[in-house]
Each structure stands twice: as structure tokens, then as C-alpha cells.
$ cat query-v6.txt   # compact mmCIF, C-alpha atoms
# COMPACT_ATOMS: atom_id res chain seq x y z
CA MET Q 8 23.22 42.29 -26.09
CA SER Q 9 23.52 38.57 -25.87
CA GLU Q 10 22.56 36.91 -22.57
CA THR Q 11 25.38 34.48 -22.92
CA THR Q 12 28.25 35.59 -20.85
CA PRO Q 13 31.43 33.63 -20.26
CA GLU Q 14 30.16 32.85 -16.73
CA ALA Q 15 26.67 31.67 -17.76
CA GLU Q 16 27.53 28.15 -18.88
CA PRO Q 17 29.51 27.10 -15.79
CA ARG Q 18 26.81 28.63 -13.61
CA LYS Q 19 24.15 26.61 -15.38
CA LEU Q 20 26.19 23.47 -14.95
CA ALA Q 21 26.71 24.20 -11.28
CA GLU Q 22 22.98 24.75 -10.77
CA GLU Q 23 22.17 21.51 -12.53
CA ALA Q 24 24.71 19.62 -10.43
CA ARG Q 25 23.20 21.11 -7.29
CA ASP Q 26 19.67 20.12 -8.36
CA ARG Q 27 20.86 16.61 -9.17
CA VAL Q 28 22.59 16.20 -5.82
CA ARG Q 29 19.46 17.41 -4.04
CA PHE Q 30 17.30 15.00 -6.03
CA GLU Q 31 19.59 12.06 -5.26
CA GLU Q 32 19.66 12.90 -1.56
CA GLU Q 33 15.88 13.16 -1.39
CA ALA Q 34 15.45 9.89 -3.28
CA LEU Q 35 17.90 8.11 -0.96
CA ASP Q 36 16.12 9.51 2.10
CA LEU Q 37 12.97 7.74 0.87
CA ALA Q 38 14.69 4.42 0.21
CA ASP Q 39 13.57 2.82 3.49
CA GLN Q 40 9.94 3.59 2.74
CA VAL Q 41 10.23 2.50 -0.88
CA TYR Q 42 11.85 -0.76 0.18
CA ARG Q 43 9.04 -1.65 2.62
CA VAL Q 44 6.62 -1.52 -0.29
CA ALA Q 45 8.99 -3.19 -2.76
CA ARG Q 46 9.62 -6.07 -0.39
CA ARG Q 47 5.94 -7.03 -0.36
CA LEU Q 48 5.42 -6.61 -4.09
CA VAL Q 49 7.83 -9.48 -4.76
CA SER Q 50 8.40 -12.86 -3.16
CA THR Q 51 11.96 -12.76 -1.92
CA ARG Q 52 14.39 -10.33 -0.36
CA GLU Q 53 16.80 -10.88 -3.25
CA GLU Q 54 14.18 -9.85 -5.78
CA ALA Q 55 13.34 -6.78 -3.73
CA GLU Q 56 17.00 -5.80 -3.48
CA ASP Q 57 17.55 -6.23 -7.24
CA LEU Q 58 14.44 -4.22 -7.97
CA MET Q 59 15.53 -1.42 -5.65
CA GLN Q 60 18.93 -1.17 -7.32
CA GLU Q 61 17.41 -1.14 -10.80
CA THR Q 62 14.89 1.47 -9.68
CA TYR Q 63 17.45 3.79 -8.17
CA ALA Q 64 19.82 3.38 -11.12
CA ARG Q 65 17.01 4.36 -13.47
CA ALA Q 66 15.80 7.18 -11.22
CA PHE Q 67 19.28 8.70 -11.02
CA ARG Q 68 19.61 8.49 -14.80
CA SER Q 69 16.26 10.07 -15.52
CA TRP Q 70 16.09 12.52 -12.64
CA ARG Q 71 15.32 15.39 -15.03
CA SER Q 72 11.91 13.90 -15.79
CA TYR Q 73 10.89 14.23 -12.13
CA GLN Q 74 8.88 17.38 -11.50
CA PRO Q 75 10.07 19.01 -8.28
CA GLY Q 76 7.27 19.52 -5.80
CA THR Q 77 5.37 16.40 -6.84
CA ASN Q 78 5.31 13.16 -4.85
CA LEU Q 79 8.82 11.72 -5.22
CA ARG Q 80 7.98 8.51 -3.35
CA ALA Q 81 5.12 7.84 -5.79
CA TRP Q 82 7.43 8.65 -8.73
CA LEU Q 83 10.02 6.13 -7.50
CA LEU Q 84 7.37 3.47 -6.98
CA ARG Q 85 5.99 4.07 -10.44
CA ILE Q 86 9.45 3.24 -11.83
CA LEU Q 87 9.69 0.24 -9.52
CA THR Q 88 6.31 -1.25 -10.42
CA ASN Q 89 7.01 -0.74 -14.14
CA LEU Q 90 10.35 -2.53 -13.82
CA ASN Q 91 8.66 -5.30 -11.89
CA ILE Q 92 6.16 -5.79 -14.70
CA ASP Q 93 8.85 -5.51 -17.40
CA ARG Q 94 10.85 -8.25 -15.78
CA GLY Q 95 7.89 -10.56 -16.01
CA ARG Q 96 7.71 -11.19 -12.31
CA ARG Q 97 4.00 -10.79 -12.30
CA VAL Q 98 2.08 -13.72 -13.66
CA GLN Q 99 -1.59 -13.08 -13.26
CA ARG Q 100 -3.60 -16.04 -12.11
CA SER Q 101 -6.94 -14.87 -13.49
CA PRO Q 102 -7.93 -13.56 -10.08
CA ASP Q 103 -11.21 -12.07 -11.27
CA MET Q 104 -12.56 -15.55 -11.92
CA GLN Q 105 -12.34 -16.68 -8.33
CA PRO Q 106 -15.69 -16.90 -6.61
CA LEU Q 107 -15.66 -14.93 -3.40
CA GLU Q 108 -18.47 -14.88 -0.95
CA GLU Q 109 -16.57 -13.77 2.10
CA GLY Q 110 -17.61 -10.34 3.30
CA ASP Q 111 -15.64 -7.58 4.98
CA TYR Q 112 -16.34 -9.06 8.44
CA PHE Q 113 -15.33 -12.58 7.45
CA LEU Q 114 -12.34 -12.84 9.77
CA TYR Q 115 -14.19 -11.20 12.65
CA ASN Q 116 -17.06 -13.64 12.27
CA LYS Q 117 -14.74 -16.65 12.07
CA LEU Q 118 -12.94 -15.65 15.25
CA GLU Q 119 -16.26 -15.10 16.97
CA GLU Q 120 -17.53 -18.51 15.81
CA ALA Q 121 -14.32 -20.08 17.10
CA GLY Q 122 -15.31 -18.85 20.53
CA ASP Q 123 -12.72 -16.18 20.85
CA THR Q 124 -14.48 -13.83 23.19
CA ASP Q 125 -11.76 -11.26 22.89
CA GLU Q 126 -11.80 -11.17 19.11
CA GLU Q 127 -10.20 -7.77 19.01
CA ARG Q 128 -6.88 -9.37 19.91
CA VAL Q 129 -5.87 -10.48 16.42
CA ASP Q 130 -2.27 -11.15 17.35
CA ARG Q 131 -3.29 -13.82 19.86
CA ARG Q 132 -4.38 -16.09 17.02
CA LEU Q 133 -2.05 -15.01 14.24
CA SER Q 134 1.73 -14.85 14.05
CA GLN Q 135 3.88 -12.54 11.99
CA ASP Q 136 4.61 -15.45 9.63
CA ASP Q 137 0.87 -16.05 9.20
CA ALA Q 138 0.42 -12.46 8.06
CA VAL Q 139 3.34 -12.66 5.60
CA ALA Q 140 2.12 -16.00 4.20
CA ALA Q 141 -1.50 -14.81 3.94
CA LEU Q 142 -0.48 -11.66 2.07
CA SER Q 143 1.71 -13.64 -0.32
CA GLU Q 144 -1.32 -15.79 -1.20
CA VAL Q 145 -3.24 -12.75 -2.45
CA PRO Q 146 -2.92 -12.63 -6.28
CA HIS Q 147 -0.52 -9.95 -7.53
CA ASP Q 148 -2.99 -7.49 -8.97
CA PHE Q 149 -4.87 -7.33 -5.68
CA ARG Q 150 -1.78 -7.49 -3.52
CA ASP Q 151 -0.18 -4.52 -5.31
CA VAL Q 152 -2.98 -2.18 -4.26
CA ILE Q 153 -3.11 -3.53 -0.70
CA VAL Q 154 0.65 -3.04 -0.36
CA LEU Q 155 0.54 0.49 -1.77
CA VAL Q 156 -2.45 1.64 0.30
CA ASP Q 157 -2.08 -0.32 3.54
CA ILE Q 158 1.71 -0.52 3.82
CA GLY Q 159 2.80 2.39 1.65
CA ASP Q 160 0.06 4.71 2.94
CA PHE Q 161 -0.72 5.94 -0.55
CA SER Q 162 -4.07 7.49 -1.42
CA TYR Q 163 -6.30 5.76 -3.96
CA ALA Q 164 -5.32 8.47 -6.46
CA ASP Q 165 -1.59 7.90 -5.92
CA ALA Q 166 -1.99 4.12 -6.18
CA ALA Q 167 -3.91 4.60 -9.44
CA GLN Q 168 -1.11 6.74 -10.83
CA ILE Q 169 1.65 4.37 -9.72
CA LEU Q 170 -0.05 1.32 -11.23
CA ASP Q 171 -1.43 3.24 -14.22
CA ILE Q 172 -4.96 2.00 -13.65
CA PRO Q 173 -8.23 3.91 -13.07
CA ILE Q 174 -9.07 4.88 -9.49
CA GLY Q 175 -12.22 2.74 -9.66
CA THR Q 176 -10.03 -0.28 -10.39
CA VAL Q 177 -7.88 0.55 -7.35
CA MET Q 178 -11.02 0.58 -5.22
CA SER Q 179 -12.45 -2.65 -6.58
CA ARG Q 180 -9.11 -4.50 -6.32
CA LEU Q 181 -8.61 -3.22 -2.80
CA HIS Q 182 -12.10 -4.30 -1.82
CA ARG Q 183 -11.67 -7.78 -3.21
CA GLY Q 184 -8.02 -8.12 -2.22
CA ARG Q 185 -8.73 -7.36 1.43
CA ARG Q 186 -11.46 -9.98 1.45
CA ILE Q 187 -9.07 -12.55 -0.02
CA LEU Q 188 -6.50 -11.56 2.61
CA LYS Q 189 -9.06 -12.02 5.40
CA LYS Q 190 -9.97 -15.43 4.08
CA GLU Q 191 -6.29 -16.42 4.08
CA LEU Q 192 -5.84 -15.05 7.59
CA ALA Q 193 -8.96 -16.84 8.80
CA GLU Q 194 -7.60 -20.15 7.52
CA ARG Q 195 -4.47 -19.61 9.54
CA ALA Q 196 -6.32 -18.39 12.63
CA VAL Q 197 -9.02 -21.03 12.91
CA GLY Q 198 -8.07 -23.73 10.40
CA SER Q 199 -9.67 -24.43 7.04
CA THR Q 200 -12.65 -22.20 6.32
CA VAL Q 201 -13.91 -24.18 3.34
CA MET V 151 -49.79 3.95 5.63
CA ALA V 152 -46.48 4.62 4.01
CA LEU V 153 -43.97 1.87 4.44
CA ASP V 154 -40.62 3.09 5.48
CA PHE V 155 -37.94 0.98 3.83
CA GLU V 156 -34.99 2.72 5.34
CA PRO V 157 -31.80 1.03 4.31
CA ASP V 158 -30.13 -0.99 7.04
CA PRO V 159 -27.76 1.50 8.71
CA CYS V 160 -25.34 -1.29 9.79
CA ALA V 161 -25.12 -2.57 6.21
CA LYS V 162 -24.40 0.98 5.07
CA CYS V 163 -21.76 1.28 7.77
CA GLU V 164 -20.10 -1.96 6.64
CA GLU V 165 -20.11 -0.70 3.08
CA LEU V 166 -18.44 2.57 4.06
CA LEU V 167 -16.05 1.19 6.65
CA GLN V 168 -13.04 0.34 4.47
CA SER V 169 -13.07 3.70 2.67
CA TYR V 170 -13.66 5.41 6.00
CA LEU V 171 -10.55 3.71 7.41
CA ASP V 172 -8.66 4.74 4.27
CA ARG V 173 -9.79 8.34 4.82
CA GLU V 174 -11.26 8.27 1.34
CA VAL V 175 -14.87 9.25 2.10
CA SER V 176 -16.61 12.58 1.68
CA GLU V 177 -17.06 14.79 4.74
CA GLU V 178 -20.76 13.92 4.71
CA GLU V 179 -20.08 10.17 4.65
CA ARG V 180 -17.42 10.52 7.33
CA ALA V 181 -19.87 12.29 9.61
CA GLU V 182 -22.56 9.72 8.86
CA ALA V 183 -20.24 6.82 9.66
CA GLN V 184 -18.98 8.54 12.79
CA ARG V 185 -22.52 9.16 14.05
CA HIS V 186 -23.44 5.54 13.47
CA LEU V 187 -20.28 4.20 15.13
CA ASP V 188 -20.91 6.39 18.17
CA ALA V 189 -24.39 4.95 18.53
CA CYS V 190 -24.00 1.29 17.48
CA SER V 191 -21.91 -1.12 19.57
CA TYR V 192 -22.28 -3.91 16.94
CA CYS V 193 -20.51 -1.83 14.29
CA ARG V 194 -18.13 -0.20 16.76
CA LYS V 195 -16.74 -3.61 17.77
CA ARG V 196 -16.17 -4.50 14.15
CA TYR V 197 -14.65 -1.12 13.43
CA ARG V 198 -12.15 -1.58 16.28
CA PHE V 199 -11.36 -5.04 15.01
CA GLU V 200 -10.64 -3.69 11.52
CA VAL V 201 -8.37 -0.99 12.95
CA GLU V 202 -6.45 -3.57 14.98
CA LEU V 203 -6.26 -6.01 12.06
CA ARG V 204 -4.77 -3.41 9.76
CA GLN V 205 -2.20 -2.39 12.35
CA PHE V 206 -1.32 -6.01 12.98
CA VAL V 207 -0.83 -6.85 9.29
CA ARG V 208 1.08 -3.67 8.64
CA GLN V 209 3.52 -4.31 11.48
CA ALA V 210 3.81 -8.02 10.78
CA VAL V 211 4.75 -7.74 7.11
CA VAL V 212 7.20 -4.87 7.38
CA GLU V 213 10.77 -5.83 6.63
CA GLU V 214 13.47 -3.21 6.81
CA MET V 215 16.12 -2.64 4.20
CA SER V 216 19.57 -4.06 4.96
CA PRO V 217 22.46 -1.63 5.55
CA GLY V 218 24.24 -3.37 2.66
CA LEU V 219 21.51 -2.42 0.20
CA LYS V 220 21.43 1.12 1.50
CA ALA V 221 25.16 1.41 0.80
CA LYS V 222 24.72 -0.07 -2.70
CA LEU V 223 22.00 2.47 -3.51
CA ALA V 224 24.22 5.31 -2.34
CA GLU V 225 26.98 4.03 -4.63
CA LEU V 226 24.63 4.45 -7.60
CA ARG V 227 24.74 8.22 -7.17
CA THR V 228 26.34 10.24 -9.92
CA PRO V 229 29.97 10.88 -8.98
CA LEU V 230 30.80 14.50 -8.28
CA LEU V 231 33.45 15.67 -10.70
$ encode --input "query-v6.txt" --output "C-alpha cells"
Amino acid sequence: MSETTPEAEPRKLAEEARDRVRFEEEALDLADQVYRVARRLVSTREEAEDLMQETYARAFRSWRSYQPGTNLRAWLLRILTNLNIDRGRRVQRSPDMQPLEEGDYFLYNKLEEAGDTDEERVDRRLSQDDAVAALSEVPHDFRDVIVLVDIGDFSYADAAQILDIPIGTVMSRLHRGRRILKKELAERAVGSTV
Amino acid sequence: MALDFEPDPCAKCEELLQSYLDREVSEEERAEAQRHLDACSYCRKRYRFEVELRQFVRQAVVEEMSPGLKAKLAELRTPLL
């Protein structure tokens, strides 16, 4: 006997509609978190807003390619970073060529040298604008991993998947990117460090 | 007499610190870093600084989505027939 009954097709359609609605609701619930990352991957709020709308439009169109049970936030950010690259917003400034001697404790040491006895109080020397400006000075490839790991709270493995790069590259970019960020912060906290 | 060239434990701690803060170290490394931080005030001060720095940057650079964008995203949903 055939499995196709007159009721089967509408039931299938109803199930699919229910799955789609659930997917869209879950994706929208994550929008605040996705935006926080998106905002720091690009320079302006307008760019971030455009990118979010493109991302969600694409996600809603291709929702069937999302595997339920996997990390939806990472899936959305994968779409978003791909769109960002496709739109040519990322112009690499040969970041690997920059000499970099500053170590992990560079900012700490600079604050200590500047005579700040309470060097644990970072916010006494740096404003919110300083942090935003310093982060925006970090070249894109390095900034992407910092934003995903430090702001998005993604694991190295998730960041590697989102950016489609090996996990070792995530680690090396993070390592170098954080040092560049500290150098930028140090310049704002104690003046030129050169 | 055998010379003991033990690696500098503070240098090792510095090397591990970022991954330790990212919770991306093995259990063995985590325990090793924790033991060293408990015993070494030089590294502990720097560790606390790194924790505070990350929190500061994280809070400083966060910008929330506007209600207008949220509404636009909701409008992109597939209409229910």
C-alpha cells in the first residue's frame, strides 16, 4: 500500500512551516548577540545594519541548510562574515609584515612605567572611545578573531569554522591581534609608545 | 654536577596566560597555570590586569542593536499564509 495518503502532503507542509517558524524565531532571538559582533567587524553602524539585514534575509531563505542542534549563532555569523568579504569591505593591509616587538604584558608595563601604582584600574586611564578607536586600528584579519573570541565568546574552533581558516591561524592571529590592540591602547593611555 | 636548566616558570605562565583566559588549555596546563598563579604575586598581578583589561574592552566596545533594526529583521520573516 502506498504511504501517500491524501492527508500526507498538507501534514508535511504544516511540519515544514512549523520548523521554519521555529528557525526564524530562534535566529531573531540571537540577533542582539549577532549584532554586537557585526558592529565591531565593520566601521560604521550603517554598515553593520546593512550587513545584519542581508544576513537575516539570506538565513531565512536558506534555513533548510541549517542543521538543527548545531550552533545557530555561529551559522549566522558564518553567513555574515562571508557577506562582509563578498562586499569587499575587507581590504587587507598586509598585517603580517608589520614588525611587532610588544609582548603580552606591554600595556601593563607601560602603565607601570608611567607611574600608575594602581595599574589594575584600566578604566582610569582609558575611555570607552579609546577602546573603540584602538580596536578599529587593529587590521581586519586580526580584529575579526578578537571580535569573535573576546566579544562574541566563541571558542577557537567556532571562530575557525566561521572564518573558514585553520584553528592554528585563529590562535596566531589572536595572539598577534591582542598585542596590536595593547599597543594601540597603550598609545592612548600614556601617549606615543614609539 | 648536573646543571638544572628549568624553564622560567613566569615565562611559561605568560605564554599560557591568554589561552588560559580563553579556557582553551588542557586540564594539565590549567592546573599548572593555576598552581603558579597561586604562588607567584608577579604573575598574579598581571593575570588580574589581563582579566580587567578584557572586561573593560568588552564593555567599552559593545553597542546594542537599535529597535528599528530589530523591527526590520522581524519584517524579513517569511509571511505566514
$ interface_residues --input "query-v6.txt" --of "chain Q" --to "chain V" --cutoff "7 Å" --atoms "only C-alpha atoms" --output "VMD selection string"
chain Q and resid 31 39 42 to 43 56 60 63 to 64 67 127 129 to 130 135 138 to 139 157 to 158
$ atom_distance --input "query-v6.txt" --atom1 "CA of His186 (chain V)" --atom2 "CA of Leu192 (chain Q)"
27.7 Å
$ residues_around --input "query-v6.txt" --residues "Asp26 (chain Q)" --least-positions-apart "3" --cutoff "12 Å" --atoms "all atoms listed in the file" --output "list in words"
Lys19, Leu20, Ala21, Glu22, Glu23, Arg29, Phe30, Glu31, Glu32, Glu33, Phe67, Trp70, Arg71, Tyr73, Gln74 and Pro75 of chain Q
$ atom_distance --input "query-v6.txt" --atom1 "CA of Thr88 (chain Q)" --atom2 "CA of Asp171 (chain Q)"
9.7 Å
$ closest_residue --input "query-v6.txt" --among "Q:Lys117, Q:Arg150, Q:Arg131, Q:Lys189" --to "Leu170 (chain Q)" --atoms "all atoms listed in the file"
Q:Arg150
$ atom_distance --input "query-v6.txt" --atom1 "CA of Leu166 (chain V)" --atom2 "CA of Gly159 (chain Q)"
21.4 Å
$ closest_residue --input "query-v6.txt" --among "Q:Leu181, Q:Gln40, Q:Ile86, Q:Tyr112" --to "Cys163 (chain V)" --atoms "all atoms listed in the file"
Q:Tyr112
$ closest_residue --input "query-v6.txt" --among "Q:Asp165, Q:Ala121, Q:Leu155, Q:Met178" --to "Val197 (chain Q)" --atoms "all atoms listed in the file"
Q:Ala121
